[in-house]
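This report concerns only the one structure given below.
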Amino acid sequence: MNRMSDASPASATPPDLGALADQCVMCGLCLPACPTYRVARTEAESPRGRIALARALANGELAPQGAALAHLDHCLGCLSCERACPSGVQYGRIIDASRAQTAAAPDRLQRLLYFFAARPRRLQLLARLSHGLGLHAWLANRARRRPAGLPQRRLGHWLAQIPPLPALPARNSQAIAAAGGRGRIGLFLGCVASAFDRDTHAAARQLLQALGFSVVEPPGQACCGALARHAGHLAQAQQLAAPTREAFTAAQVDTVLVSASGCLPALRDHTLAGTSVQVREISEFLAADPGFAALAFDPLPRRAALHLPCSLDGRGGVATKKILQHIPELDIVELPVQPRCCGAAGTHFLRHPQIALPLRDERIAQVRAQQVSLLLTSNIGCRLHLDSGLRAQGAAVEVLHPVTLLARQLKAATPTPTAIAAPA
Ligand code: SF4
Ligand code: SF4
């Protein structure tokens, strides 16, 4: 669930793809920022090449099927190109509109993903069974023996990515005792994140309760729809997101917090767009809360690398660094070029490992060069992707969401900020 390109808000009018593509003056200044261009070194795998394809599509010079469209599919949606473009080209809207025009029906693997995205509890069960019985390793080994290109082999690659469920942190009784005085805050759990980021959600609960909020997690919430939306499957995206929209509107909360930064744009701009619910990224919320400075944290004399996902905007990155500074003695090393796509990009790492793995390994080499024992990242997709690479290399680096580290270090005798209003 990395993001990515969700630049356009929900709208009944499809964007004019030709007009958007015509904003590009073909200068090529975005090319060095593009991860797929760095890997492939071809024009077709660059933002400029993809914009040319989009223009040809809009002009009717390119059919909405065919091999050339694979280059659109390979795009990570990281928007590094948009950030680098001096002409203000809205690349995110271009790629979203192109994919909406060209997307084929979901393939077998995408259908499987959408099935689990709508049923997060079954995903948790699958992970538990898979690791409890050693099924994932057995199936992955079996699939690896099949010829390259077969769907069964791709399925094996997917199964090999299923990590164990993270352990839940111990409950902080001080945090629970403080809960409730400052109002109700909704917590979005997500689909993949509800299984593999459950330690992050427990940490978010602890911190919010220590700040005096009561945390609402309405049953029925599931996916934000980003997985399907990024693939151009807009009808499936709406279907997946509908229960989440209903759950949070019925829960009567003013604010919903998201810890997986890749879900934020879809949840804010589509799933809960047009409702009275405000969607906010958790680090930003915590950094802006006047009560946060009153929390006390135990020192942690460790060195941690900070990976800022491309789905985290500038404000989110600043806020993440700000809240981590509250942990005494923690040595935080920023990785080069932030934000940066590690290749996870929603389902990209599963569907296009030939692109995702070199990008992941490049990031991992930067992590290992820093000799850290912790890697912090705010997006579940990056966490899973980077963690699988570190495990494959036998590196003893724990990968966590920043709020998990904060909750671990939260002092038991934290003062209760009951008289402080919620941040605007
Ligand atoms: S969104 Fe990322 S991967 Fe796609 S063209 Fe832009 S920089 Fe390249
Ligand atoms: S997207 Fe922007 S930077 Fe890239 S080629 Fe077009 S105008 Fe130049």
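Lettering and numbering for the structure tokens are positional, with chains as A, B, ... in the shown order, residues counted from 1 in each chain, and ligands counted from 1 in the shown order.
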
How close does each residue of chain A get to ligand 1, giving the shortest atom pair and distance in Å to one decimal for every residue with an atom at most 9 Å away, counting only C-alpha atoms and all ligand atoms, sorted by chain and residue number, as JSON lines?
{"residue": "A:Met4", "atom": "CA", "partner": "ligand 1", "partner_atom_place_in_ligand_line": "1 (S)", "distance": 7.2}
{"residue": "A:Ser5", "atom": "CA", "partner": "ligand 1", "partner_atom_place_in_ligand_line": "1 (S)", "distance": 6.8}
{"residue": "A:Cys30", "atom": "CA", "partner": "ligand 1", "partner_atom_place_in_ligand_line": "7 (S)", "distance": 7.3}
{"residue": "A:Leu31", "atom": "CA", "partner": "ligand 1", "partner_atom_place_in_ligand_line": "7 (S)", "distance": 7.4}
{"residue": "A:Pro32", "atom": "CA", "partner": "ligand 1", "partner_atom_place_in_ligand_line": "7 (S)", "distance": 8.5}
{"residue": "A:Ala33", "atom": "CA", "partner": "ligand 1", "partner_atom_place_in_ligand_line": "7 (S)", "distance": 5.8}
{"residue": "A:Cys34", "atom": "CA", "partner": "ligand 1", "partner_atom_place_in_ligand_line": "7 (S)", "distance": 3.6}
{"residue": "A:Pro35", "atom": "CA", "partner": "ligand 1", "partner_atom_place_in_ligand_line": "3 (S)", "distance": 5.4}
{"residue": "A:Thr36", "atom": "CA", "partner": "ligand 1", "partner_atom_place_in_ligand_line": "3 (S)", "distance": 5.2}
{"residue": "A:Tyr37", "atom": "CA", "partner": "ligand 1", "partner_atom_place_in_ligand_line": "8 (Fe)", "distance": 6.6}
{"residue": "A:Arg38", "atom": "CA", "partner": "ligand 1", "partner_atom_place_in_ligand_line": "8 (Fe)", "distance": 8.9}
{"residue": "A:Glu45", "atom": "CA", "partner": "ligand 1", "partner_atom_place_in_ligand_line": "5 (S)", "distance": 7.2}
{"residue": "A:Ser46", "atom": "CA", "partner": "ligand 1", "partner_atom_place_in_ligand_line": "5 (S)", "distance": 5.4}
{"residue": "A:Pro47", "atom": "CA", "partner": "ligand 1", "partner_atom_place_in_ligand_line": "5 (S)", "distance": 3.7}
{"residue": "A:Arg48", "atom": "CA", "partner": "ligand 1", "partner_atom_place_in_ligand_line": "5 (S)", "distance": 7.5}
{"residue": "A:Gly49", "atom": "CA", "partner": "ligand 1", "partner_atom_place_in_ligand_line": "5 (S)", "distance": 8.4}
{"residue": "A:Arg50", "atom": "CA", "partner": "ligand 1", "partner_atom_place_in_ligand_line": "5 (S)", "distance": 6.8}
{"residue": "A:Ile51", "atom": "CA", "partner": "ligand 1", "partner_atom_place_in_ligand_line": "5 (S)", "distance": 8.5}
{"residue": "A:Leu72", "atom": "CA", "partner": "ligand 1", "partner_atom_place_in_ligand_line": "4 (Fe)", "distance": 8.0}
{"residue": "A:His74", "atom": "CA", "partner": "ligand 1", "partner_atom_place_in_ligand_line": "3 (S)", "distance": 7.3}
{"residue": "A:Cys75", "atom": "CA", "partner": "ligand 1", "partner_atom_place_in_ligand_line": "4 (Fe)", "distance": 3.9}
{"residue": "A:Leu76", "atom": "CA", "partner": "ligand 1", "partner_atom_place_in_ligand_line": "3 (S)", "distance": 4.2}
{"residue": "A:Gly77", "atom": "CA", "partner": "ligand 1", "partner_atom_place_in_ligand_line": "1 (S)", "distance": 3.7}
{"residue": "A:Cys78", "atom": "CA", "partner": "ligand 1", "partner_atom_place_in_ligand_line": "2 (Fe)", "distance": 4.0}
{"residue": "A:Leu79", "atom": "CA", "partner": "ligand 1", "partner_atom_place_in_ligand_line": "1 (S)", "distance": 3.9}
{"residue": "A:Ser80", "atom": "CA", "partner": "ligand 1", "partner_atom_place_in_ligand_line": "7 (S)", "distance": 4.3}
{"residue": "A:Cys81", "atom": "CA", "partner": "ligand 1", "partner_atom_place_in_ligand_line": "7 (S)", "distance": 4.1}
{"residue": "A:Glu82", "atom": "CA", "partner": "ligand 1", "partner_atom_place_in_ligand_line": "6 (Fe)", "distance": 6.5}
{"residue": "A:Arg83", "atom": "CA", "partner": "ligand 1", "partner_atom_place_in_ligand_line": "7 (S)", "distance": 8.6}
{"residue": "A:Ala84", "atom": "CA", "partner": "ligand 1", "partner_atom_place_in_ligand_line": "7 (S)", "distance": 8.6}
{"residue": "A:Tyr91", "atom": "CA", "partner": "ligand 1", "partner_atom_place_in_ligand_line": "6 (Fe)", "distance": 6.9}
{"residue": "A:Gly92", "atom": "CA", "partner": "ligand 1", "partner_atom_place_in_ligand_line": "1 (S)", "distance": 6.9}
{"residue": "A:Ile95", "atom": "CA", "partner": "ligand 1", "partner_atom_place_in_ligand_line": "1 (S)", "distance": 7.9}
{"residue": "A:Cys310", "atom": "CA", "partner": "ligand 1", "partner_atom_place_in_ligand_line": "2 (Fe)", "distance": 9.0}
{"residue": "A:Cys341", "atom": "CA", "partner": "ligand 1", "partner_atom_place_in_ligand_line": "2 (Fe)", "distance": 7.6}
{"residue": "A:Gly343", "atom": "CA", "partner": "ligand 1", "partner_atom_place_in_ligand_line": "3 (S)", "distance": 8.9}

Using only C-alpha atoms and all ligand atoms, I'd like a table of the residues in chain A that come within 6 Å of ligand 2; for each, show the closest atom pair and its distance in Å rounded to one decimal, ordered by chain and ascending number, as a Markdown table.
| residue | atom | partner | partner_atom_place_in_ligand_line | distance |
| --- | --- | --- | --- | --- |
| A:Cys24 | CA | ligand 2 | 6 (Fe) | 3.8 |
| A:Val25 | CA | ligand 2 | 7 (S) | 4.4 |
| A:Met26 | CA | ligand 2 | 5 (S) | 3.8 |
| A:Cys27 | CA | ligand 2 | 8 (Fe) | 3.9 |
| A:Gly28 | CA | ligand 2 | 5 (S) | 3.8 |
| A:Leu29 | CA | ligand 2 | 3 (S) | 4.2 |
| A:Cys30 | CA | ligand 2 | 3 (S) | 4.1 |
| A:Arg48 | CA | ligand 2 | 5 (S) | 4.7 |
| A:Cys85 | CA | ligand 2 | 3 (S) | 3.8 |
| A:Pro86 | CA | ligand 2 | 3 (S) | 5.9 |
| A:Ser87 | CA | ligand 2 | 7 (S) | 5.2 |
| A:Val89 | CA | ligand 2 | 2 (Fe) | 5.4 |

Excluding segment 383-396 of chain A and residues on its chain fewer than 6 positions from it, collect all residues at most 12 Å away from it, counting only C-alpha atoms, and give them as JSON, numbers by chain.
{"A": [1, 2, 157, 158, 159, 160, 161, 162, 163, 164, 165, 166, 192, 193, 195, 196, 197, 200, 260, 261, 262, 306, 307, 308, 309, 341, 342, 343, 344, 345, 346, 347, 348, 349, 350, 353, 356, 357, 358, 359, 360, 361, 362, 363, 364, 365, 366, 367, 368, 369, 371, 372, 373, 374, 375, 376, 377, 402]}

Neighbours of Lys322 of chain A within 9 Å (only C-alpha atoms; same-chain residues fewer than 5 positions away dropped), as a PyMOL selection string?
chain A and resi 283+287+317

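Take atom CA of Gly18 of chain A and atom CA of Ala273 of chain A: the distance between them is 26.2 Å.
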
With DSSP run on the backbone, what are the alpha helix (DSSP H) residues within segment 125-347 of chain A? I'd like them as a PyMOL selection string.
chain A and resi 125-132+135-144+151-161+173-178+192-196+198-210+226-230+234-250+264-266+282-288+314-324

Just to confirm, what's the straight-line distance from atom CA of Ala117 of chain A to atom CA of Cys191 of chain A in Å (one decimal)?
4.9 Å

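You will find atom CA of Pro219 of chain A at 15.9 Å from atom CA of Val258 of chain A.
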
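Using only C-alpha atoms, the contacts of Leu300 of chain A at a cut-off of 10 Å, with sequence neighbours closer than 4 positions omitted, comprise Ile327, Pro328, Glu329, Leu330, Asp331, Leu405, Arg408 and Gln409 of chain A.
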
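When only C-alpha atoms are used to compute distances to Phe248 of chain A, the closest of the residues A:Ser276, A:Asn141, A:Thr320, A:Asn59 turns out to be A:Ser276.
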
So that I can check the surroundings of Arg245 of chain A, please list as a VMD selection string every protein, DNA and RNA residue that reaches within 6 Å of it, counting only C-alpha atoms and ignoring chain neighbours fewer than 2 positions away.
chain A and resid 242 to 243 247 to 248 271 to 272

Can you tell me which residues surround Thr275 of chain A at a distance of at most 12 Å, considering only C-alpha atoms, apart from same-chain residues fewer than 3 positions away, and format the answer as a VMD selection string?
chain A and resid 245 to 246 248 to 250 252 to 256 267 to 272 278 to 279

Could you go through segment 104-334 of chain A and tell me which residues DSSP, when run on the backbone, assigns to strand (DSSP E), listing them as a list of chain:residue names?
A:Arg184, A:Ile185, A:Gly186, A:Leu187, A:Phe188, A:Ser214, A:Val215, A:Val216, A:Thr255, A:Val256, A:Leu257, A:Val258, A:Gln278, A:Val279, A:Arg280, A:Glu281, A:Arg303, A:Ala304, A:Ala305, A:Leu306, A:His307, A:Asp331, A:Ile332, A:Val333, A:Glu334

If you count only C-alpha atoms, the residue of A:Leu234, A:Leu123, A:Cys223, A:Ala137 closest to Gln101 of chain A turns out to be A:Leu234
